[in-house]
>>> print(open('protein-v7.tsv').read())   # TSV, C-alpha atoms and all ligand atoms
chain	number	residue	atom	x	y	z
A	1	MET	CA	107.66	87.18	111.79
A	2	GLU	CA	108.95	90.08	113.89
A	3	HIS	CA	108.58	93.78	113.10
A	4	SER	CA	112.20	94.65	113.92
A	5	SER	CA	114.98	93.95	116.34
A	6	LYS	CA	114.28	97.04	118.45
A	7	ALA	CA	114.66	97.24	122.23
A	8	PRO	CA	112.01	95.40	124.25
A	9	TYR	CA	109.00	97.42	125.37
A	10	ARG	CA	109.05	98.46	129.02
A	11	ARG	CA	105.71	100.21	129.51
A	12	VAL	CA	102.51	99.41	127.64
A	13	VAL	CA	98.96	100.75	127.63
A	14	VAL	CA	96.41	98.06	126.74
A	15	LYS	CA	92.98	99.35	125.64
A	16	LEU	CA	90.14	96.86	125.65
A	17	GLY	CA	87.03	97.80	123.69
A	18	THR	CA	83.50	96.85	124.73
A	19	SER	CA	83.48	94.47	121.76
A	20	VAL	CA	86.37	92.51	123.31
A	21	LEU	CA	85.00	92.50	126.86
A	22	THR	CA	81.58	91.26	125.82
A	23	SER	CA	82.82	89.01	122.96
A	24	GLY	CA	79.98	90.49	120.94
A	25	SER	CA	77.33	89.44	123.47
A	26	LYS	CA	75.31	91.65	125.83
A	27	LYS	CA	77.29	90.79	128.95
A	28	LEU	CA	80.86	90.85	130.20
A	29	ASP	CA	82.67	87.70	129.03
A	30	LYS	CA	84.42	86.93	132.33
A	31	ALA	CA	86.08	83.81	130.93
A	32	HIS	CA	87.77	85.95	128.31
A	33	MET	CA	88.64	88.65	130.83
A	34	VAL	CA	90.54	86.00	132.86
A	35	GLU	CA	92.47	85.14	129.74
A	36	LEU	CA	93.41	88.79	129.16
A	37	SER	CA	94.34	89.39	132.80
A	38	ARG	CA	96.55	86.27	132.71
A	39	GLN	CA	98.54	87.80	129.84
A	40	MET	CA	98.86	91.19	131.52
A	41	ALA	CA	99.89	89.56	134.80
A	42	ALA	CA	102.59	87.59	132.95
A	43	LEU	CA	104.01	90.87	131.62
A	44	MET	CA	103.98	92.43	135.08
A	45	ARG	CA	105.88	89.38	136.39
A	46	ASP	CA	108.51	90.02	133.72
A	47	GLY	CA	108.96	93.57	134.97
A	48	ILE	CA	106.95	95.25	132.19
A	49	GLU	CA	104.62	98.00	133.39
A	50	VAL	CA	101.04	97.58	132.23
A	51	VAL	CA	98.33	100.24	132.25
A	52	LEU	CA	94.84	99.00	131.41
A	53	CYS	CA	92.32	101.27	129.73
A	54	THR	CA	89.01	99.43	129.91
A	55	SER	CA	85.68	100.16	128.28
A	56	GLY	CA	82.55	98.21	129.16
A	57	ALA	CA	81.00	100.23	132.01
A	58	ILE	CA	77.79	100.96	130.14
A	59	ALA	CA	77.50	97.37	128.89
A	60	ALA	CA	78.15	96.08	132.43
A	61	GLY	CA	75.51	98.47	133.81
A	62	ARG	CA	72.90	97.17	131.37
A	63	GLU	CA	73.76	93.59	132.29
A	64	HIS	CA	73.66	94.24	136.04
A	65	LEU	CA	70.26	95.96	135.87
A	66	LEU	CA	68.92	93.18	133.63
A	67	TYR	CA	68.63	95.30	130.48
A	68	PRO	CA	66.22	98.03	131.62
A	69	GLN	CA	64.18	99.84	128.95
A	70	LEU	CA	65.45	103.38	129.53
A	71	PRO	CA	65.11	106.33	127.19
A	72	ASP	CA	68.43	107.03	125.47
A	73	THR	CA	69.27	110.20	127.43
A	74	MET	CA	72.53	111.46	128.93
A	75	PRO	CA	71.43	110.96	132.59
A	76	ASN	CA	70.36	107.38	131.78
A	77	LYS	CA	73.72	106.63	130.15
A	78	GLN	CA	75.39	108.10	133.22
A	79	LEU	CA	73.20	105.93	135.43
A	80	LEU	CA	74.28	102.83	133.49
A	81	ALA	CA	77.94	103.87	133.69
A	82	ALA	CA	77.69	104.56	137.44
A	83	VAL	CA	76.24	101.09	138.08
A	84	GLY	CA	78.42	99.35	135.52
A	85	GLN	CA	81.76	100.92	136.43
A	86	SER	CA	81.59	99.47	139.94
A	87	GLN	CA	80.81	96.03	138.50
A	88	LEU	CA	83.62	96.39	135.97
A	89	ILE	CA	86.31	97.33	138.48
A	90	LEU	CA	85.08	94.62	140.85
A	91	ALA	CA	85.51	92.05	138.07
A	92	TRP	CA	89.03	93.28	137.21
A	93	ALA	CA	90.09	93.40	140.87
A	94	GLN	CA	88.93	89.80	141.36
A	95	LEU	CA	90.56	88.58	138.16
A	96	PHE	CA	93.94	90.19	138.82
A	97	SER	CA	93.88	88.91	142.41
A	98	ILE	CA	94.06	85.38	140.97
A	99	TYR	CA	97.60	86.37	139.92
A	100	GLY	CA	98.39	88.10	143.20
A	101	LEU	CA	98.07	91.59	141.73
A	102	HIS	CA	96.32	94.67	143.06
A	103	VAL	CA	94.56	97.20	140.85
A	104	GLY	CA	94.03	100.96	141.25
A	105	GLN	CA	91.15	102.77	139.57
A	106	LEU	CA	91.44	106.14	137.82
A	107	LEU	CA	88.34	107.68	136.27
A	108	LEU	CA	89.27	110.64	134.09
A	109	THR	CA	87.69	113.20	131.80
A	110	ARG	CA	89.12	115.60	129.27
A	111	ALA	CA	89.06	118.29	131.94
A	112	ASP	CA	91.58	116.29	134.00
A	113	LEU	CA	93.90	116.07	131.03
A	114	GLN	CA	93.75	119.62	129.71
A	115	ASP	CA	94.36	121.37	132.99
A	116	ARG	CA	98.13	121.17	133.43
A	117	LYS	CA	97.96	120.81	137.24
A	118	ARG	CA	95.38	118.01	137.12
A	119	TYR	CA	97.33	116.37	134.28
A	120	LEU	CA	100.49	116.29	136.40
A	121	ASN	CA	98.45	115.01	139.34
A	122	ALA	CA	97.07	112.09	137.34
A	123	ARG	CA	100.58	111.39	136.05
A	124	ASP	CA	101.96	111.24	139.60
A	125	THR	CA	99.22	108.80	140.65
A	126	LEU	CA	99.92	106.57	137.65
A	127	HIS	CA	103.64	106.50	138.38
A	128	ALA	CA	103.03	105.84	142.07
A	129	LEU	CA	100.82	102.83	141.25
A	130	LEU	CA	103.30	101.43	138.74
A	131	ALA	CA	106.18	101.87	141.19
A	132	GLN	CA	104.27	99.58	143.62
A	133	ASN	CA	103.54	96.97	140.94
A	134	ILE	CA	99.83	97.85	140.99
A	135	ILE	CA	97.94	97.85	137.68
A	136	PRO	CA	96.28	101.20	136.97
A	137	ILE	CA	92.84	100.60	135.48
A	138	ILE	CA	91.43	103.60	133.67
A	139	ASN	CA	88.10	104.51	132.13
A	140	GLU	CA	86.40	107.77	131.32
A	141	ASN	CA	84.43	109.13	134.28
A	142	ASP	CA	81.20	108.67	132.34
A	143	ALA	CA	78.98	109.09	135.38
A	144	VAL	CA	79.82	112.79	135.69
A	145	ALA	CA	81.23	113.73	132.29
A	146	THR	CA	79.04	115.91	130.10
A	147	SER	CA	79.84	116.26	126.42
A	148	GLU	CA	81.75	119.48	127.21
A	149	ILE	CA	84.35	117.77	129.37
A	150	LYS	CA	84.36	114.28	127.88
A	151	VAL	CA	87.11	112.75	125.77
A	152	GLY	CA	84.19	110.74	124.40
A	153	ASP	CA	85.82	107.49	123.40
A	154	ASN	CA	88.36	105.24	125.01
A	155	ASP	CA	90.58	104.99	121.93
A	156	ASN	CA	91.43	108.68	122.29
A	157	LEU	CA	91.53	108.38	126.07
A	158	SER	CA	94.04	105.51	125.88
A	159	ALA	CA	96.32	107.52	123.57
A	160	ARG	CA	96.30	110.40	126.06
A	161	ILE	CA	97.07	107.93	128.84
A	162	ALA	CA	99.97	106.54	126.79
A	163	LEU	CA	101.37	110.09	126.56
A	164	LEU	CA	100.67	110.73	130.21
A	165	CYS	CA	102.62	107.70	131.42
A	166	ASP	CA	105.29	107.88	128.72
A	167	ALA	CA	104.51	104.40	127.36
A	168	ASP	CA	106.44	102.96	124.46
A	169	LEU	CA	103.55	100.91	123.10
A	170	LEU	CA	99.78	101.32	122.88
A	171	ILE	CA	97.77	98.17	122.08
A	172	LEU	CA	94.18	98.74	120.94
A	173	LEU	CA	92.28	95.46	121.12
A	174	THR	CA	89.00	95.14	119.29
A	175	ASP	CA	86.71	92.68	117.49
A	176	GLN	CA	88.56	92.81	114.15
A	177	LYS	CA	92.03	91.55	113.28
A	178	GLY	CA	93.21	95.12	112.76
A	179	LEU	CA	92.66	97.94	110.30
A	180	PHE	CA	91.38	96.72	106.93
A	181	ASP	CA	91.33	98.60	103.63
A	182	ALA	CA	87.50	98.65	103.99
A	183	ASP	CA	85.09	97.77	106.80
A	184	PRO	CA	85.29	93.95	106.89
A	185	ARG	CA	81.68	93.71	108.04
A	186	ASP	CA	80.40	95.00	104.71
A	187	ASN	CA	83.34	93.92	102.54
A	188	PRO	CA	84.28	90.26	102.81
A	189	ASP	CA	87.25	90.83	100.47
A	190	ALA	CA	88.74	93.60	102.63
A	191	LYS	CA	92.47	93.16	103.26
A	192	LEU	CA	94.27	93.64	106.54
A	193	ILE	CA	96.79	96.49	106.52
A	194	SER	CA	99.68	95.10	108.52
A	195	GLU	CA	101.99	98.12	108.60
A	196	VAL	CA	101.21	101.84	108.62
A	197	ALA	CA	104.06	104.30	108.28
A	198	GLY	CA	101.95	107.47	108.04
A	199	ILE	CA	98.31	108.46	108.58
A	200	ASP	CA	96.77	110.46	105.74
A	201	ASP	CA	93.27	111.44	104.58
A	202	GLN	CA	92.97	108.32	102.42
A	203	LEU	CA	93.52	106.10	105.45
A	204	ARG	CA	91.09	108.18	107.53
A	205	GLU	CA	88.48	107.67	104.83
A	206	ILE	CA	88.61	103.88	105.01
A	207	ALA	CA	88.08	103.90	108.77
A	208	GLY	CA	84.31	104.17	109.23
A	209	GLY	CA	82.19	104.56	112.35
A	210	SER	CA	81.40	101.94	115.02
A	211	VAL	CA	79.14	99.17	113.86
A	212	SER	CA	79.63	96.68	116.66
A	213	GLY	CA	76.67	98.39	118.37
A	214	LEU	CA	78.13	98.69	121.86
A	215	GLY	CA	81.43	100.40	121.04
A	216	THR	CA	82.10	104.06	120.38
A	217	GLY	CA	83.83	105.37	117.30
A	218	GLY	CA	84.93	102.29	115.35
A	219	MET	CA	88.21	102.48	113.48
A	220	ALA	CA	88.04	106.26	113.02
A	221	THR	CA	88.75	106.90	116.71
A	222	LYS	CA	91.43	104.18	116.72
A	223	LEU	CA	93.19	106.02	113.89
A	224	GLU	CA	92.94	109.32	115.78
A	225	ALA	CA	94.44	107.58	118.81
A	226	ALA	CA	97.21	106.04	116.72
A	227	ASP	CA	98.02	109.44	115.22
A	228	ILE	CA	98.32	111.10	118.63
A	229	ALA	CA	100.48	108.31	120.05
A	230	ARG	CA	102.86	107.88	117.12
A	231	ARG	CA	103.50	111.62	116.94
A	232	ALA	CA	104.62	111.38	120.56
A	233	GLY	CA	107.05	108.57	119.67
A	234	ILE	CA	104.81	105.71	120.83
A	235	GLU	CA	104.26	102.61	118.67
A	236	VAL	CA	100.68	101.40	118.24
A	237	VAL	CA	99.15	98.04	117.38
A	238	ILE	CA	95.47	97.43	116.59
A	239	ALA	CA	94.64	93.74	116.89
A	240	SER	CA	91.94	91.25	117.75
A	241	GLY	CA	91.34	90.83	121.46
A	242	HIS	CA	90.45	87.21	120.79
A	243	HIS	CA	93.64	86.19	118.99
A	244	PRO	CA	95.31	83.61	121.29
A	245	ASP	CA	97.98	85.24	123.49
A	246	VAL	CA	97.53	88.47	121.56
A	247	ILE	CA	99.05	90.77	124.18
A	248	LEU	CA	102.10	88.55	124.72
A	249	LYS	CA	102.64	88.17	120.97
A	250	VAL	CA	102.38	91.89	120.28
A	251	MET	CA	104.85	92.55	123.11
A	252	ASN	CA	107.16	90.04	121.44
A	253	ARG	CA	106.93	92.09	118.25
A	254	GLU	CA	105.22	89.27	116.39
A	255	SER	CA	103.47	90.55	113.31
A	256	ILE	CA	99.77	90.42	114.14
A	257	GLY	CA	97.17	93.07	113.53
A	258	THR	CA	98.08	96.53	112.26
A	259	HIS	CA	101.32	98.05	113.46
A	260	PHE	CA	101.90	101.82	113.38
A	261	SER	CA	105.52	102.83	113.66
A	262	ALA	CA	106.30	105.83	115.84
A	263	ILE	CA	107.61	108.94	114.12
A	264	GLU	CA	111.35	109.39	114.50
A	265	ASN	CA	111.40	112.92	115.83
A	266	PRO	CA	108.49	112.98	118.24
A	267	LEU	CA	106.78	116.25	119.08
A	268	GLU	CA	108.12	118.01	122.13
A	269	SER	CA	105.91	117.68	125.21
A	270	ARG	CA	104.12	121.02	124.83
A	271	LYS	CA	103.08	120.18	121.27
A	272	GLN	CA	101.97	116.70	122.33
A	273	TRP	CA	99.73	118.43	124.82
A	274	ILE	CA	98.32	120.81	122.19
A	275	LEU	CA	97.50	117.84	119.99
A	276	ALA	CA	96.06	115.61	122.68
A	277	GLY	CA	94.78	118.00	125.34
A	278	PRO	CA	92.31	120.81	124.80
A	279	LYS	CA	89.34	120.50	122.50
A	280	ALA	CA	89.45	123.14	119.75
A	281	LYS	CA	86.83	125.82	120.41
A	282	GLY	CA	87.05	127.69	117.14
A	283	LYS	CA	88.11	127.56	113.54
A	284	ILE	CA	90.28	129.93	111.52
A	285	VAL	CA	90.10	129.69	107.73
A	286	LEU	CA	93.26	130.67	105.83
A	287	ASP	CA	93.88	131.75	102.24
A	288	ASP	CA	96.09	129.55	100.06
A	289	GLY	CA	99.26	131.57	100.65
A	290	ALA	CA	98.88	131.35	104.42
A	291	VAL	CA	98.15	127.61	104.22
A	292	ARG	CA	101.43	127.11	102.33
A	293	ALA	CA	103.40	129.37	104.72
A	294	VAL	CA	102.13	127.47	107.76
A	295	SER	CA	102.08	123.90	106.49
A	296	GLU	CA	105.08	123.89	104.14
A	297	LYS	CA	107.38	126.66	105.30
A	298	GLY	CA	106.98	126.30	109.05
A	299	ARG	CA	105.81	129.90	109.61
A	300	SER	CA	103.50	131.34	112.25
A	301	LEU	CA	100.01	132.42	111.20
A	302	LEU	CA	99.68	136.16	110.53
A	303	SER	CA	96.44	138.15	110.40
A	304	LYS	CA	96.90	138.94	106.71
A	305	GLY	CA	96.20	135.33	105.65
A	306	ILE	CA	92.93	134.93	107.57
A	307	VAL	CA	89.72	134.85	105.55
A	308	ALA	CA	87.18	133.72	108.16
A	309	ILE	CA	86.74	132.93	111.84
A	310	GLU	CA	84.17	130.53	113.28
A	311	GLY	CA	83.11	130.31	116.91
A	312	SER	CA	83.52	132.58	119.86
A	313	PHE	CA	86.67	132.15	121.90
A	314	ASP	CA	89.03	134.03	124.19
A	315	ARG	CA	92.74	134.67	123.75
A	316	GLY	CA	94.74	131.54	124.67
A	317	THR	CA	92.13	129.12	123.29
A	318	THR	CA	92.99	126.11	121.14
A	319	VAL	CA	91.67	126.46	117.58
A	320	GLU	CA	91.79	124.52	114.34
A	321	LEU	CA	93.28	125.93	111.15
A	322	HIS	CA	91.43	125.09	107.95
A	323	ASP	CA	91.99	125.79	104.27
A	324	GLN	CA	89.16	127.21	102.16
A	325	HIS	CA	88.08	123.72	101.08
A	326	GLY	CA	87.19	122.72	104.65
A	327	HIS	CA	90.33	120.67	105.24
A	328	ARG	CA	91.67	120.89	108.80
A	329	PHE	CA	95.45	120.97	108.60
A	330	ALA	CA	96.71	122.33	111.94
A	331	LYS	CA	95.78	122.90	115.57
A	332	GLY	CA	97.22	125.60	117.79
A	333	ILE	CA	96.77	128.16	120.54
A	334	CYS	CA	95.40	131.49	119.36
A	335	ARG	CA	96.89	134.68	120.79
A	336	TYR	CA	93.83	136.82	120.00
A	337	SER	CA	90.14	136.43	120.85
A	338	ALA	CA	87.65	135.61	118.09
A	339	LYS	CA	86.21	139.12	118.42
A	340	ALA	CA	89.64	140.73	117.91
A	341	LEU	CA	90.45	138.37	115.05
A	342	ARG	CA	87.31	139.38	113.18
A	343	MET	CA	88.59	142.97	113.27
A	344	ILE	CA	92.14	142.22	112.08
A	345	ALA	CA	91.46	139.38	109.61
A	346	GLY	CA	93.04	140.19	106.23
A	347	LYS	CA	94.91	143.18	107.68
A	348	HIS	CA	98.67	143.64	107.78
A	349	SER	CA	100.35	142.91	111.15
A	350	ASN	CA	101.53	146.51	111.52
A	351	GLU	CA	97.89	147.67	111.53
A	352	ILE	CA	96.91	145.55	114.57
A	353	GLU	CA	97.65	148.12	117.24
A	354	ALA	CA	95.82	150.91	115.41
A	355	ILE	CA	92.74	148.72	114.95
A	356	LEU	CA	92.58	147.08	118.38
A	357	GLY	CA	94.36	149.62	120.56
A	358	TYR	CA	96.73	146.85	121.73
A	359	ASP	CA	99.04	144.32	120.13
A	360	TYR	CA	99.92	140.82	121.33
A	361	GLY	CA	102.47	140.38	118.55
A	362	ASP	CA	102.40	139.60	114.83
A	363	ALA	CA	101.75	135.90	115.27
A	364	VAL	CA	98.06	135.09	115.64
A	365	VAL	CA	99.01	131.45	116.16
A	366	HIS	CA	102.72	131.19	116.86
A	367	ARG	CA	104.74	128.38	115.32
A	368	ASN	CA	105.73	127.15	118.80
A	369	ASP	CA	102.07	126.87	119.77
A	370	MET	CA	101.00	124.92	116.70
A	371	VAL	CA	100.93	121.34	115.44
A	372	VAL	CA	100.61	120.79	111.69
A	373	LEU	CA	98.58	117.61	111.19
B	1	LIG	N1	88.58	99.82	107.85
B	1	LIG	C1	88.13	99.13	108.89
B	1	LIG	N2	88.85	98.07	109.36
B	1	LIG	C2	88.43	97.36	110.44
B	1	LIG	N3	87.28	97.63	111.10
B	1	LIG	C3	86.51	98.66	110.69
B	1	LIG	C4	86.90	99.46	109.57
B	1	LIG	N4	85.97	100.42	109.39
B	1	LIG	C5	85.05	100.24	110.35
B	1	LIG	N5	85.35	99.19	111.14
B	1	LIG	C6	84.50	98.72	112.26
B	1	LIG	O1	85.01	99.14	113.53
B	1	LIG	C7	84.52	98.22	114.50
B	1	LIG	C8	85.33	98.31	115.80
B	1	LIG	O2	85.06	99.49	116.48
B	1	LIG	P1	84.15	99.54	117.81
B	1	LIG	O3	82.84	98.93	117.49
B	1	LIG	O4	84.15	100.94	118.30
B	1	LIG	O5	84.94	98.55	118.76
B	1	LIG	P2	85.62	98.68	120.19
B	1	LIG	O6	84.52	98.41	121.13
B	1	LIG	O7	86.63	97.58	120.16
B	1	LIG	O8	86.26	100.03	120.33
B	1	LIG	C9	84.62	96.89	113.83
B	1	LIG	O9	83.67	95.99	114.29
B	1	LIG	C10	84.45	97.20	112.35
B	1	LIG	O10	83.23	96.77	111.82
B	2	LIG	N1	83.56	104.66	128.70
B	2	LIG	C1	82.62	103.79	127.98
B	2	LIG	C2	83.23	103.23	126.71
B	2	LIG	C3	83.53	104.20	125.63
B	2	LIG	C4	84.21	103.56	124.43
B	2	LIG	O1	85.08	104.16	123.78
B	2	LIG	O2	83.86	102.27	124.12
B	2	LIG	P1	84.67	101.33	123.10
B	2	LIG	O3	84.57	101.89	121.69
B	2	LIG	O4	84.02	100.01	123.23
B	2	LIG	O5	86.10	101.29	123.54
B	2	LIG	C5	82.21	102.61	128.86
B	2	LIG	O6	82.97	102.22	129.74
B	2	LIG	O7	81.14	102.05	128.60
>>> encode(input="protein-v7.tsv", output="structure tokens", more="lines below")
Ligand SMILES: Nc1ncnc2c1ncn2[C@@H]1O[C@H](COP(=O)(O)OP(=O)(O)O)[C@@H](O)[C@H]1O
Ligand SMILES: N[C@@H](CCC(=O)OP(=O)(O)O)C(=O)O
Amino acid sequence: MEHSSKAPYRRVVVKLGTSVLTSGSKKLDKAHMVELSRQMAALMRDGIEVVLCTSGAIAAGREHLLYPQLPDTMPNKQLLAAVGQSQLILAWAQLFSIYGLHVGQLLLTRADLQDRKRYLNARDTLHALLAQNIIPIINENDAVATSEIKVGDNDNLSARIALLCDADLLILLTDQKGLFDADPRDNPDAKLISEVAGIDDQLREIAGGSVSGLGTGGMATKLEAADIARRAGIEVVIASGHHPDVILKVMNRESIGTHFSAIENPLESRKQWILAGPKAKGKIVLDDGAVRAVSEKGRSLLSKGIVAIEGSFDRGTTVELHDQHGHRFAKGICRYSAKALRMIAGKHSNEIEAILGYDYGDAVVHRNDMVVL
């Protein structure tokens, strides 16, 4: 069965989880990696541009060093990634060469994606590789990324890559057939959700953490990735990396796994960037009236509706907006520092100048700088 009779996909990001690359074992399953590279090479031959987002560096590092007993510290993880990434890219380069294809490696962190100049730089490199029929192979730069500058999981990274290269499809391949209504490992009766038209809190609740042991994030991070991509107008499929010809079938719009339709009026590029780029550094809690004004009426956030501020941040920082029950409902760029906000919270906009001695405008978070989730 096909999802619809829409136009064929022309650019796809394929994300392969550690669970797929190792087939659940403790080493890279090269036989299966050949199978996956064969499918991606077939797409490239048909003129479809493929970007590969690959996990597996840490698993490959453990395998290469014969499973060393190392304390679970950040430098040791970085050591494993540094050793494993070179093994991983070597394996991919050899496998794609069977099909006469070259690969190009990009190792990125959040810092590369949130700085506009570096973002555009990475985008140019991606486009240059694709223009020469070279497969970009991307992973997080785990060897140097600290938690501050890390995206942290490749589901989210792949969604950001899909935005970066303007893909029309993101395929997240994992060790399950797709998103189930409960974790299939603990619930044998769990049912596959084949179509998702919108991501809400109920859906987020059924996506638990990673239990495959080697992966990062489980279905929760796949849902976050799907949310980012579909808001940018990109379709998403979560499917089993071991389903025969899975990539070719998904590209053919055959109904396997879980399909997320793209929203019809995608966010403009600046808002996509707000959603996918900077990590929020603070939290603003709003009263009920302000929550309604922002989320239902499309208004900017004014100081009057603020009840609390968490964190310490400068003007121009990305923050989360929460209601008083702890629910995060928007993300945006704040025009005042946390220190200034604490002084004007609950006050009318026309008092700002008298209190602070300056005024950056009524809007604390302007509508144009905000994404309601
Ligand atoms: N609702 C759900 N549907 C499917 N899988 C789920 C769900 N909730 C949690 N999971 C778990 O998420 C795991 C996949 O995530 P992860 O281990 O991070 O894999 P990957 O390495 O492919 O990213 C599955 O093995 C599964 O047990
Ligand atoms: N960057 C890490 C993988 C991080 C990650 O998200 O893993 P996974 O959940 O298996 O896709 C690595 O290469 O080992």
>>> residues_around(input="protein-v7.tsv", residues="Gly241 of chain A", least_positions_apart="6", cutoff="8 Å", atoms="only C-alpha atoms", output="ChimeraX atom specification")
/A:16,20,173-175
>>> residues_near_ligand(input="protein-v7.tsv", ligand="ligand LIG 2 (chain B)", cutoff="7 Å", atoms="all atoms listed in the file", output="list of chain:residue names")
A:Leu16, A:Gly17, A:Thr18, A:Ser19, A:Thr54, A:Ser55, A:Gly56, A:Ala57, A:Ile58, A:Ala59, A:Ala81, A:Gln85, A:Asn139, A:Glu140, A:Asp142, A:Gly152, A:Asp153, A:Asn154, A:Asp155, A:Leu214, A:Gly215, A:Thr216, A:Gly217, A:Gly218
>>> closest_residue(input="protein-v7.tsv", among="A:Val14, A:Ile352, A:Ile284, A:Ile137", to="Ala93 of chain A", atoms="all atoms listed in the file")
A:Ile137
>>> residues_around(input="protein-v7.tsv", residues="Trp273 of chain A", least_positions_apart="3", cutoff="12 Å", atoms="only C-alpha atoms", output="ChimeraX atom specification")
/A:110,113-116,119-120,159-161,163-164,228-229,231-232,267-270,276-279,318,331-333,369-371
>>> atom_distance(input="protein-v7.tsv", atom1="atom CA of Arg204 of chain A", atom2="atom CA of Ala190 of chain A")
15.6 Å
>>> residues_around(input="protein-v7.tsv", residues="segment 129-134 of chain A", least_positions_apart="5", cutoff="12 Å", atoms="only C-alpha atoms", output="VMD selection string")
chain A and resid 10 to 13 40 to 41 43 to 52 93 96 to 97 99 to 106 122 to 124 165 167
